[in-house]
Number of protein chains: 2
Amino acid sequence: MTVSLDNFDRKLLVEVQQDAQIPQNELGARVNLSTAAVNRRLRRLVDEGVIERYAAVVSPEKVGCALTIVTMVEVESEQIDLLDAMKRSFAQCPFVQQCYYVAGEWDFVLVLTVHNMDQYTELTRQLFFSNNNVKRFKTLVSMSRVKVGLGVPVSIDE
Amino acid sequence: MTVSLDNFDRKLLVEVQQDAQIPQNELGARVNLSTAAVNRRLRRLVDEGVIERYAAVVSPEKVGCALTIVTMVEVESEQIDLLDAMKRSFAQCPFVQQCYYVAGEWDFVLVLTVHNMDQYTELTRQLFFSNNNVKRFKTLVSMSRVKVGLGVPVSIDE
DNA sequence: TCTGAAAATGGACCTTT
DNA sequence: AAAGGTCCATTTTCAGA
């Protein structure tokens, strides 16, 4: 599952999570490696699945998705097939940015990106009210996205 | 704030959020545009801030960050400077992947990525117990990351 | 690590609406 | 003017020695 990474790999991961467009020679200069070495290492990181993919991060506001909402959901029954169906329905919905199946007071946590409240209301109907395995849900409306990212911490020991 | 996008832009955004490494000529083939036009449009999208950045998505498991945790926090006082200090402390922490300041039963929602429970315990001490503006917090441990991403929905009208 | 070929990016310039 | 297309120079990637 885990992969062994040395400090060069870790430094590269830090850089590349931050900005994937830095050319390999520049990366090399930063971590003290030749362009070719950087190239090989990045390829290996992708091949081994450490780097899952490269993605453009788009600004929700700029495309009119002004509202971020966090919703917690409690289910009626934890029967596997019912849970799977719910997971699928959440995962499929393009407005669901993230979905975690959790242990604790709630069963699911969803992060949603929508254009406005009306759209959220409509979504709750679709995702929650029309699903009779949803016992209750609670809505938290984001007033500020303090930190947003998928960055994974990689510690570098000097 | 919002930017006017035509269908070409939207199609490009869909592709590029999914995979930022598709070469521009291939993108052109997919959306029916020349390489140069794709190049110009992508540049414009970056300049206008629609595309905030390009990032490598790394697998938390592969780098040993096996645990995803969602934490809700309620504050004692909503005094601006206290809130700002909290926001800063959350944003700074490399294990805080996301942080939203929300309205509702809670004040903050955090998504954390940690190596193990011990580390989380240590983090709660650092982030919550040692901050006397934290009234209470609730921990939800993720058992499965059903959907994870920063993808923003862009609808294409044919 | 170095060198060089192949690929991708991005600008110049002309054409269309 | 605004945006597309073709062509060409520059930059970047990536494999072999």
# chains A, B, ... in the order shown; residues from 1 in each chain; ligands from 1
$ interface_residues --of "chain C" --to "chain B" --cutoff "10 Å" --atoms "only C-alpha atoms (C1' of nucleotides)" --output "number ranges by chain"
C: 7-11
$ write_last_selection --atoms "N, CA and C atoms (P, O5', C5', C4', C3', O3' and C1' of nucleotides)" --output "compact mmCIF listing (two decimals), in the first residue's frame"
# COMPACT_ATOMS: atom_id res chain seq x y z
P DA C 7 6.69 12.41 -31.61
O5' DA C 7 6.32 13.48 -30.49
C5' DA C 7 6.51 13.14 -29.12
C4' DA C 7 6.12 14.31 -28.26
C3' DA C 7 4.79 14.95 -28.66
O3' DA C 7 4.03 15.06 -27.48
C1' DA C 7 6.48 16.61 -28.49
P DA C 8 2.55 15.61 -27.45
O5' DA C 8 2.78 17.07 -26.89
C5' DA C 8 3.44 17.22 -25.64
C4' DA C 8 3.59 18.68 -25.34
C3' DA C 8 2.32 19.50 -25.57
O3' DA C 8 2.07 20.24 -24.39
C1' DA C 8 4.16 20.49 -26.70
P DT C 9 0.88 21.32 -24.33
O5' DT C 9 1.68 22.69 -24.50
C5' DT C 9 2.71 22.97 -23.57
C4' DT C 9 3.39 24.26 -23.95
C3' DT C 9 2.46 25.48 -23.97
O3' DT C 9 3.12 26.49 -23.22
C1' DT C 9 3.68 25.33 -25.99
P DG C 10 2.30 27.78 -22.70
O5' DG C 10 2.59 28.85 -23.84
C5' DG C 10 3.93 29.25 -24.06
C4' DG C 10 3.99 30.07 -25.33
C3' DG C 10 2.87 31.11 -25.49
O3' DG C 10 3.44 32.25 -26.07
C1' DG C 10 2.96 29.81 -27.37
P DG C 11 2.82 33.69 -25.72
O5' DG C 11 3.42 34.61 -26.89
C5' DG C 11 4.80 34.54 -27.22
C4' DG C 11 4.98 34.68 -28.73
C3' DG C 11 4.21 35.85 -29.34
O3' DG C 11 5.11 36.63 -30.10
C1' DG C 11 3.76 33.84 -30.53
$ select_by_dssp --residues "chain B" --states "alpha helix (DSSP H)" --output "ChimeraX atom specification"
/B:7-18,24-31,35-47,80-92,117-124
$ write_last_selection --atoms "N, CA and C atoms" --output "compact mmCIF listing (two decimals), in the first residue's frame"
# COMPACT_ATOMS: atom_id res chain seq x y z
N ASN B 7 -19.39 27.89 -24.56
CA ASN B 7 -19.38 26.44 -24.47
C ASN B 7 -17.99 25.83 -24.67
N PHE B 8 -17.16 26.47 -25.49
CA PHE B 8 -15.80 25.98 -25.67
C PHE B 8 -15.06 26.02 -24.33
N ASP B 9 -15.15 27.17 -23.67
CA ASP B 9 -14.50 27.30 -22.36
C ASP B 9 -14.99 26.23 -21.40
N ARG B 10 -16.27 26.05 -21.37
CA ARG B 10 -16.84 25.09 -20.42
C ARG B 10 -16.36 23.68 -20.71
N LYS B 11 -16.34 23.33 -21.98
CA LYS B 11 -15.86 21.99 -22.32
C LYS B 11 -14.41 21.82 -21.93
N LEU B 12 -13.63 22.86 -22.17
CA LEU B 12 -12.22 22.79 -21.78
C LEU B 12 -12.09 22.61 -20.27
N LEU B 13 -12.89 23.35 -19.53
CA LEU B 13 -12.82 23.24 -18.06
C LEU B 13 -13.17 21.84 -17.60
N VAL B 14 -14.16 21.25 -18.20
CA VAL B 14 -14.52 19.88 -17.82
C VAL B 14 -13.34 18.94 -18.03
N GLU B 15 -12.72 19.04 -19.19
CA GLU B 15 -11.61 18.15 -19.52
C GLU B 15 -10.43 18.35 -18.57
N VAL B 16 -10.12 19.60 -18.38
CA VAL B 16 -8.88 19.96 -17.71
C VAL B 16 -8.97 19.79 -16.19
N GLN B 17 -10.18 19.83 -15.66
CA GLN B 17 -10.36 19.51 -14.25
C GLN B 17 -10.13 18.03 -14.02
N GLN B 18 -10.51 17.26 -15.01
CA GLN B 18 -10.38 15.82 -14.96
C GLN B 18 -8.93 15.40 -15.14
N GLN B 24 -2.67 20.10 -25.73
CA GLN B 24 -3.62 21.04 -26.28
C GLN B 24 -4.15 20.62 -27.65
N ASN B 25 -3.37 19.90 -28.40
CA ASN B 25 -3.90 19.45 -29.70
C ASN B 25 -5.00 18.40 -29.50
N GLU B 26 -4.79 17.54 -28.52
CA GLU B 26 -5.82 16.55 -28.20
C GLU B 26 -7.08 17.24 -27.67
N LEU B 27 -6.90 18.23 -26.81
CA LEU B 27 -8.05 19.00 -26.32
C LEU B 27 -8.78 19.63 -27.50
N GLY B 28 -8.00 20.18 -28.42
CA GLY B 28 -8.59 20.79 -29.60
C GLY B 28 -9.45 19.80 -30.37
N ALA B 29 -8.92 18.60 -30.51
CA ALA B 29 -9.67 17.57 -31.23
C ALA B 29 -10.99 17.28 -30.50
N ARG B 30 -10.94 17.25 -29.19
CA ARG B 30 -12.15 16.91 -28.43
C ARG B 30 -13.22 17.99 -28.49
N VAL B 31 -12.79 19.25 -28.46
CA VAL B 31 -13.80 20.32 -28.41
C VAL B 31 -13.98 21.01 -29.76
N THR B 35 -5.27 23.93 -32.04
CA THR B 35 -4.37 23.95 -30.89
C THR B 35 -4.16 25.37 -30.38
N ALA B 36 -3.96 26.29 -31.31
CA ALA B 36 -3.68 27.67 -30.92
C ALA B 36 -4.86 28.28 -30.17
N ALA B 37 -6.05 27.98 -30.63
CA ALA B 37 -7.24 28.53 -29.97
C ALA B 37 -7.36 27.97 -28.55
N VAL B 38 -7.09 26.68 -28.42
CA VAL B 38 -7.11 26.06 -27.09
C VAL B 38 -6.08 26.76 -26.20
N ASN B 39 -4.91 26.95 -26.74
CA ASN B 39 -3.84 27.60 -25.99
C ASN B 39 -4.27 28.99 -25.51
N ARG B 40 -4.81 29.77 -26.40
CA ARG B 40 -5.27 31.11 -26.03
C ARG B 40 -6.34 31.07 -24.97
N ARG B 41 -7.30 30.17 -25.14
CA ARG B 41 -8.39 30.11 -24.17
C ARG B 41 -7.92 29.67 -22.80
N LEU B 42 -7.05 28.66 -22.77
CA LEU B 42 -6.56 28.22 -21.46
C LEU B 42 -5.79 29.35 -20.77
N ARG B 43 -4.99 30.04 -21.54
CA ARG B 43 -4.24 31.16 -20.96
C ARG B 43 -5.21 32.20 -20.40
N ARG B 44 -6.24 32.51 -21.17
CA ARG B 44 -7.21 33.50 -20.72
C ARG B 44 -7.89 33.03 -19.43
N LEU B 45 -8.25 31.75 -19.37
CA LEU B 45 -8.90 31.21 -18.18
C LEU B 45 -8.00 31.33 -16.95
N VAL B 46 -6.70 31.13 -17.16
CA VAL B 46 -5.77 31.30 -16.05
C VAL B 46 -5.67 32.79 -15.68
N ASP B 47 -5.51 33.63 -16.70
CA ASP B 47 -5.37 35.07 -16.44
C ASP B 47 -6.57 35.64 -15.70
N ILE B 80 -14.11 39.21 15.86
CA ILE B 80 -13.38 39.12 14.60
C ILE B 80 -11.93 38.69 14.75
N ASP B 81 -11.21 39.34 15.64
CA ASP B 81 -9.79 39.04 15.73
C ASP B 81 -9.54 37.63 16.26
N LEU B 82 -10.42 37.17 17.13
CA LEU B 82 -10.28 35.79 17.61
C LEU B 82 -10.54 34.81 16.47
N LEU B 83 -11.58 35.09 15.70
CA LEU B 83 -11.89 34.23 14.55
C LEU B 83 -10.73 34.21 13.57
N ASP B 84 -10.21 35.38 13.27
CA ASP B 84 -9.10 35.46 12.33
C ASP B 84 -7.92 34.65 12.80
N ALA B 85 -7.65 34.74 14.09
CA ALA B 85 -6.53 33.97 14.63
C ALA B 85 -6.78 32.48 14.45
N MET B 86 -8.01 32.06 14.69
CA MET B 86 -8.32 30.64 14.52
C MET B 86 -8.17 30.23 13.06
N LYS B 87 -8.74 31.04 12.19
CA LYS B 87 -8.63 30.73 10.76
C LYS B 87 -7.17 30.56 10.38
N ARG B 88 -6.36 31.45 10.86
CA ARG B 88 -4.94 31.38 10.51
C ARG B 88 -4.31 30.11 11.06
N SER B 89 -4.64 29.79 12.29
CA SER B 89 -4.02 28.60 12.87
C SER B 89 -4.46 27.33 12.15
N PHE B 90 -5.73 27.30 11.71
CA PHE B 90 -6.20 26.13 10.96
C PHE B 90 -5.55 26.09 9.58
N ALA B 91 -5.53 27.24 8.92
CA ALA B 91 -5.02 27.28 7.55
C ALA B 91 -3.54 26.91 7.50
N GLN B 92 -2.83 27.29 8.52
CA GLN B 92 -1.40 27.04 8.55
C GLN B 92 -1.04 25.57 8.71
N MET B 117 -4.28 7.72 14.66
CA MET B 117 -5.08 8.33 15.71
C MET B 117 -4.23 9.11 16.71
N ASP B 118 -3.07 8.55 17.01
CA ASP B 118 -2.20 9.26 17.95
C ASP B 118 -1.90 10.66 17.46
N GLN B 119 -1.63 10.73 16.17
CA GLN B 119 -1.32 12.03 15.62
C GLN B 119 -2.52 12.96 15.70
N TYR B 120 -3.69 12.41 15.49
CA TYR B 120 -4.90 13.24 15.61
C TYR B 120 -5.06 13.74 17.03
N THR B 121 -4.85 12.86 17.97
CA THR B 121 -4.95 13.25 19.38
C THR B 121 -4.01 14.42 19.67
N GLU B 122 -2.81 14.27 19.19
CA GLU B 122 -1.82 15.33 19.35
C GLU B 122 -2.30 16.63 18.70
N LEU B 123 -2.89 16.50 17.51
CA LEU B 123 -3.38 17.68 16.79
C LEU B 123 -4.52 18.38 17.54
N THR B 124 -5.43 17.58 18.11
CA THR B 124 -6.54 18.19 18.84
C THR B 124 -5.99 19.03 19.98
$ select_by_dssp --residues "stretch 17-150 of chain A" --states "strand (DSSP E)" --output "PyMOL selection string"
chain A and resi 51-58+67-75+96-103+108-114+134-147
$ residues_around --residues "stretch 66-74 of chain A" --least-positions-apart "2" --cutoff "10 Å" --atoms "only C-alpha atoms (C1' of nucleotides)" --output "MDAnalysis selection string"
(chainID A and resid 59:64 76:78 95:102 104:117 119:120 124 128 133:145) or (chainID B and resid 1:2 100 102:103 109)
$ residues_around --residues "C:DT17" --least-positions-apart "5" --cutoff "12 Å" --atoms "only C-alpha atoms (C1' of nucleotides)" --output "PyMOL selection string"
chain D and resi 1-4
$ atom_distance --atom1 "atom CA of A:Leu5" --atom2 "atom CA of B:Ala56"
16.3 Å
$ interface_residues --of "chain D" --to "chain A" --cutoff "12 Å" --atoms "only C-alpha atoms (C1' of nucleotides)" --output "ChimeraX atom specification"
/D:11-15
$ write_last_selection --atoms "N, CA and C atoms (P, O5', C5', C4', C3', O3' and C1' of nucleotides)" --output "CSV table (one decimal), in the first residue's frame"
chain,number,residue,atom,x,y,z
D,11,DT,P,13.2,30.0,-25.3
D,11,DT,O5',12.4,28.7,-24.6
D,11,DT,C5',11.0,28.9,-24.4
D,11,DT,C4',10.4,27.6,-23.9
D,11,DT,C3',11.2,26.9,-22.8
D,11,DT,O3',10.2,26.7,-21.8
D,11,DT,C1',10.7,25.4,-24.6
D,12,DT,P,10.6,26.0,-20.4
D,12,DT,O5',10.2,24.5,-20.7
D,12,DT,C5',8.9,24.2,-21.1
D,12,DT,C4',8.8,22.7,-21.3
D,12,DT,C3',9.4,21.8,-20.2
D,12,DT,O3',8.4,21.0,-19.7
D,12,DT,C1',10.0,21.1,-22.4
D,13,DT,P,8.7,19.9,-18.6
D,13,DT,O5',8.8,18.6,-19.6
D,13,DT,C5',7.7,18.2,-20.3
D,13,DT,C4',8.0,17.0,-21.2
D,13,DT,C3',8.3,15.8,-20.4
D,13,DT,O3',7.6,14.7,-21.1
D,13,DT,C1',10.0,16.2,-22.0
D,14,DC,P,7.3,13.4,-20.2
D,14,DC,O5',8.5,12.4,-20.8
D,14,DC,C5',8.5,12.2,-22.2
D,14,DC,C4',9.9,11.6,-22.6
D,14,DC,C3',10.4,10.5,-21.6
D,14,DC,O3',10.8,9.4,-22.3
D,14,DC,C1',12.1,12.0,-22.1
D,15,DA,P,10.5,7.9,-21.8
D,15,DA,O5',11.5,7.1,-22.6
D,15,DA,C5',11.5,7.2,-24.0
D,15,DA,C4',13.0,7.2,-24.5
D,15,DA,C3',13.8,6.1,-24.0
D,15,DA,O3',14.5,5.4,-25.0
D,15,DA,C1',15.0,8.1,-23.8
$ closest_residue --among "B:Ile22, B:Lys147, B:Gln126, B:Glu48" --to "chain A" --atoms "only C-alpha atoms"
B:Lys147
$ closest_residue --among "B:Leu33, B:Cys93, B:Asn132, B:Val148" --to "chain A" --atoms "only C-alpha atoms"
B:Val148
